[in-house]
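To start, the structure under review is shown below, and the notes come after it.
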There are 2 protein chains.
Amino acid sequence: MTVEFLKTVEWVPLSPESLVPGKVRLIDQTRLPVSLEYLETDDVEEIWHAIKVLKVRGAPAIGVCAAMGLVAAVQNSSAVTSDRLIADARKKADYLASSRPTAVNLFWALARMMSVAEENVGMLPVQILVRMAEEANAIRNEDAAMCRSIGAHGVALLNEGDSILTHCNAGSLATAEFGTALAPIYTAKERGIGIKVFADETRPLLQGARLTAWELQHAGVDVTLICDNMAASLMQSGRISCVMVGSDRIAANGDVANKIGTYGVAVLAKYHGVPFYVLAPSSTFDVSLATGADIPIEQRDPVEVREIQGIRTAPSDVAVLNPAFDVTPAELVTAIVCEKGILRPAYGRRIAEMIAC
Amino acid sequence: MTVEFLKTVEWVPLSPESLVPGKVRLIDQTRLPVSLEYLETDDVEEIWHAIKVLKVRGAPAIGVCAAMGLVAAVQNSSAVTSDRLIADARKKADYLASSRPTAVNLFWALARMMSVAEENVGMLPVQILVRMAEEANAIRNEDAAMCRSIGAHGVALLNEGDSILTHCNAGSLATAEFGTALAPIYTAKERGIGIKVFADETRPLLQGARLTAWELQHAGVDVTLICDNMAASLMQSGRISCVMVGSDRIAANGDVANKIGTYGVAVLAKYHGVPFYVLAPSSTFDVSLATGADIPIEQRDPVEVREIQGIRTAPSDVAVLNPAFDVTPAELVTAIVCEKGILRPAYGRRIAEMIAC
């Protein structure tokens, strides 16, 4: 079965003859799930703003957007020499890098783009632009291939008739396409394996309700939305076959940092004998951290808990805890799936071996 | 320490000389937490509407409101004979009983009021009214005394410095005053025992955020609001001493039905070695049900999950599960506290003994 998946970020060619690819087009995720709207632009300030206000979000998708956005913005450069073109690109890359101060993929993608530009300083401006466009495409295609590979490995964990619980959004909308936690689900869909997904809404920012439910529904996957506190009851009645979640960071021992609420789901899965799978690119492993205790947990604005999209739902001055992430200890993780394969306990040794490859 | 607790429902005397008590005054809970507003009325349609649209909610509070509201509405009767007064009261009681079709306390309180009226058919209309007012006061005061008694028993489970996690609202706002799950917390406050409360916001209807956080803050209790999916992380870091929740129904074997999400909290408490206490009046025991499997679970409108106070947060046509309750098996319950004392396992025998008393 061929399934049309969303392109979170893509090119809009100016003309078939153009040597450079034109504008960048991205799904405006701040408009979801109410409407599917695209932003098409070659304006560096619009691209910066899109990353800043989360029109595009998810570390891989941000990296791809910045790389493509840089090419789109630089092709309008009035620079007539390669030196000036590279200076213009450097200025725009530095500016784009200031949009989200902690997004590692953003810096990584822009650094990779500028290396390509600077390696080709002796070439004509248009040739440098073509090389940059090729590099942006490579970043995008590598991300898509990595997601496809996670899907191909992860689908082996699924059986006909399974019901998968997921938390937050580690899907197509967080990557160039296809996603990480949702990759095996899309692969199952392509292969005609009948599955069903339960999506936690994921308070406080509701990525599950706004994004995961929307993108699965858009791809024709059977999805049911639940409040976070309903997952236990579903497991109790035997309606969850396995859990699939993404990760923001995995320590050397296999402890997993992910969106707040993931740890609770992992404990519930353990209690009910439900497999708990983590799906993430190998770049998520941070072997400089011995255990999850070394992972810093961001505390976010209390207003996110006291209000929902501007509507106040709690006393305006009540004390609030709002951690963005929690850490699931390795002993609750049944397997970790990355683009290189499926890791099972003991994770310490398996992760070290994989990183060494 | 004397703490001024909220009166969820109370009388407003028309004058000091009046033999009958005047209007009924209730906190309009639909306005919380944004503002504290009262409804004062002796109009039977306003009272019916207040129950219907949840200006007053919580089974005990609804019973008290219906009893007091019936007296307030009947004292305006133009009936000059006792027969006519009782006929008028019957009509108004039947009308009030139609406001919430499944609220057991509502029917129970109105039946008790009509018994008193009919037992006194030979008396003057004003004498019947006075007896009805006494009965409404008795219903209110019995409820308050029951809550105080739950608090007095339950406070023995708390120690100086404890942090209590609660879910939904089984507080002052659900009863005449003082609450059930929150009763030991208020008792601790009165006795100067230093405690701290974490309140789950309780999706989808946010009773924890809107009501529990508000009423605890109003009473000067140290309360911190969290999203439901943050409780696991708090237990993981050792910050929860015990869980205290209410109940809608308890089966003969000690299985507990309560607001959706309660079961998940119970599993998390078990996993982390945190005591899990259920606090409810003895009228909550339904020994006609052998186990929790016999408790019917209401499925509510999907719109409650797809929207939050009218703001859409999910695709408008996405499938949703929205069970109002879940069932916590008795083996996860450390103790059940009612007005008669603290029950511990094995619950089957203890509950039978207590009901037989």
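Simple scheme: letters A, B, ... for chains in structure tokens order, numbers from 1 for residues in each chain, numbers from 1 for ligands in the order shown.
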DSSP on the backbone: which residues in segment 2-211 of chain A end up as strand (DSSP E)? Give the answer as a PyMOL selection string. chain A and resi 9-12+23-27+38-41+163-166+196-200
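Every residue of chain B that lies within 6 Å of chain A is listed here, counting only C-alpha atoms: Pro33, Ala209, Arg210, Trp214, Thr224, Leu225, Ile226, Asn229, Met230, Ala232, Gly261, Gly264, Thr313, Ala314, Pro315, Ala319, Val320 and Leu321 of chain B.
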Please write the residues from the selection above to a file, keeping N, CA, C and O atoms, as a PDB file, in the first residue's frame.
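What landed in out33.pdb:
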ATOM      1  N   PRO B  33     -12.325  28.947  38.756  1.00  0.00           N
ATOM      2  CA  PRO B  33     -11.600  29.688  39.787  1.00  0.00           C
ATOM      3  C   PRO B  33     -11.467  31.173  39.479  1.00  0.00           C
ATOM      4  O   PRO B  33     -10.785  31.878  40.199  1.00  0.00           O
ATOM      5  N   ALA B 209      -7.776  21.454  39.034  1.00  0.00           N
ATOM      6  CA  ALA B 209      -7.263  22.801  38.764  1.00  0.00           C
ATOM      7  C   ALA B 209      -8.282  23.865  39.157  1.00  0.00           C
ATOM      8  O   ALA B 209      -7.959  24.856  39.809  1.00  0.00           O
ATOM      9  N   ARG B 210      -9.550  23.631  38.775  1.00  0.00           N
ATOM     10  CA  ARG B 210     -10.576  24.654  38.961  1.00  0.00           C
ATOM     11  C   ARG B 210     -11.063  24.726  40.407  1.00  0.00           C
ATOM     12  O   ARG B 210     -11.353  25.803  40.919  1.00  0.00           O
ATOM     13  N   TRP B 214      -8.246  25.738  44.030  1.00  0.00           N
ATOM     14  CA  TRP B 214      -8.879  26.965  44.499  1.00  0.00           C
ATOM     15  C   TRP B 214      -9.289  26.861  45.966  1.00  0.00           C
ATOM     16  O   TRP B 214      -9.006  27.746  46.774  1.00  0.00           O
ATOM     17  N   THR B 224       0.100  22.856  45.450  1.00  0.00           N
ATOM     18  CA  THR B 224       0.801  22.992  44.171  1.00  0.00           C
ATOM     19  C   THR B 224       0.031  22.199  43.122  1.00  0.00           C
ATOM     20  O   THR B 224      -0.286  21.027  43.334  1.00  0.00           O
ATOM     21  N   LEU B 225      -0.274  22.855  42.020  1.00  0.00           N
ATOM     22  CA  LEU B 225      -1.031  22.229  40.933  1.00  0.00           C
ATOM     23  C   LEU B 225      -0.072  21.545  39.967  1.00  0.00           C
ATOM     24  O   LEU B 225       0.966  22.107  39.610  1.00  0.00           O
ATOM     25  N   ILE B 226      -0.425  20.324  39.552  1.00  0.00           N
ATOM     26  CA  ILE B 226       0.356  19.621  38.529  1.00  0.00           C
ATOM     27  C   ILE B 226      -0.582  19.057  37.459  1.00  0.00           C
ATOM     28  O   ILE B 226      -1.772  18.852  37.711  1.00  0.00           O
ATOM     29  N   ASN B 229      -0.068  13.884  34.335  1.00  0.00           N
ATOM     30  CA  ASN B 229       1.070  13.050  33.930  1.00  0.00           C
ATOM     31  C   ASN B 229       2.372  13.380  34.670  1.00  0.00           C
ATOM     32  O   ASN B 229       3.414  12.805  34.362  1.00  0.00           O
ATOM     33  N   MET B 230       2.325  14.307  35.638  1.00  0.00           N
ATOM     34  CA  MET B 230       3.525  14.666  36.405  1.00  0.00           C
ATOM     35  C   MET B 230       3.628  13.916  37.736  1.00  0.00           C
ATOM     36  O   MET B 230       4.667  13.954  38.403  1.00  0.00           O
ATOM     37  N   ALA B 232       3.817  10.766  38.493  1.00  0.00           N
ATOM     38  CA  ALA B 232       4.802   9.677  38.522  1.00  0.00           C
ATOM     39  C   ALA B 232       6.194  10.223  38.827  1.00  0.00           C
ATOM     40  O   ALA B 232       6.931   9.668  39.654  1.00  0.00           O
ATOM     41  N   GLY B 261      -8.492   8.213  36.096  1.00  0.00           N
ATOM     42  CA  GLY B 261      -7.127   8.604  36.469  1.00  0.00           C
ATOM     43  C   GLY B 261      -6.728   8.096  37.838  1.00  0.00           C
ATOM     44  O   GLY B 261      -5.540   7.971  38.143  1.00  0.00           O
ATOM     45  N   GLY B 264      -4.678   4.780  37.740  1.00  0.00           N
ATOM     46  CA  GLY B 264      -3.277   5.004  37.371  1.00  0.00           C
ATOM     47  C   GLY B 264      -2.462   5.510  38.553  1.00  0.00           C
ATOM     48  O   GLY B 264      -1.335   5.062  38.787  1.00  0.00           O
ATOM     49  N   THR B 313      -8.764  21.670  20.697  1.00  0.00           N
ATOM     50  CA  THR B 313      -7.361  21.308  20.879  1.00  0.00           C
ATOM     51  C   THR B 313      -7.014  20.026  20.130  1.00  0.00           C
ATOM     52  O   THR B 313      -5.915  19.510  20.285  1.00  0.00           O
ATOM     53  N   ALA B 314      -7.937  19.497  19.344  1.00  0.00           N
ATOM     54  CA  ALA B 314      -7.715  18.236  18.627  1.00  0.00           C
ATOM     55  C   ALA B 314      -8.556  18.272  17.352  1.00  0.00           C
ATOM     56  O   ALA B 314      -9.472  19.095  17.229  1.00  0.00           O
ATOM     57  N   PRO B 315      -8.259  17.370  16.394  1.00  0.00           N
ATOM     58  CA  PRO B 315      -9.109  17.313  15.196  1.00  0.00           C
ATOM     59  C   PRO B 315     -10.577  17.127  15.602  1.00  0.00           C
ATOM     60  O   PRO B 315     -10.876  16.357  16.514  1.00  0.00           O
ATOM     61  N   ALA B 319     -11.524  10.119  16.756  1.00  0.00           N
ATOM     62  CA  ALA B 319     -12.139   9.212  17.729  1.00  0.00           C
ATOM     63  C   ALA B 319     -11.583   9.504  19.115  1.00  0.00           C
ATOM     64  O   ALA B 319     -10.416   9.872  19.268  1.00  0.00           O
ATOM     65  N   VAL B 320     -12.433   9.350  20.132  1.00  0.00           N
ATOM     66  CA  VAL B 320     -12.057   9.681  21.510  1.00  0.00           C
ATOM     67  C   VAL B 320     -12.622   8.624  22.444  1.00  0.00           C
ATOM     68  O   VAL B 320     -13.726   8.120  22.217  1.00  0.00           O
ATOM     69  N   LEU B 321     -11.874   8.268  23.474  1.00  0.00           N
ATOM     70  CA  LEU B 321     -12.440   7.548  24.613  1.00  0.00           C
ATOM     71  C   LEU B 321     -12.575   8.545  25.752  1.00  0.00           C
ATOM     72  O   LEU B 321     -11.655   9.326  26.005  1.00  0.00           O
TER      73      LEU B 321
END
For atom CA of Asp162 of chain A and atom CA of Phe276 of chain A, determine how far apart the two atoms are, in Å to one decimal place. 13.6 Å
Need the shell around Arg140 of chain B: protein/DNA/RNA residues with any atom at most 12 Å away, counting only C-alpha atoms. Skip same-chain ones fewer than 6 positions apart. Format as a ChimeraX atom specification? /B:7-11,60-69,105,109,133-134,146-147,175-178
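In this comparison, which uses only C-alpha atoms, the residue of B:Ile185, B:Val74, B:Ala251, B:Ile86 approaching Ala170 of chain B most closely is B:Ile185.
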Please, what distance in Å, to one decimal, runs between atom CA of Leu106 of chain B and atom CA of Ala183 of chain B? 22.1 Å
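Across the structure, atom CA of Cys357 of chain B and atom CA of Ala111 of chain B are spaced 24.1 Å apart.
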Find the residues around Ala352 of chain B up to 10 Å (only C-alpha atoms counted), leave out those fewer than 6 positions away in its own chain, and share them as an MDAnalysis selection string. chainID B and resid 252:253 285 287
Apply DSSP to the structure's backbone, then extract all residues of segment 21-128 of chain B labelled helix (DSSP H, G or I) and return them as a VMD selection string. chain B and resid 44 to 52 59 to 74 82 to 97 104 to 119 125 to 128
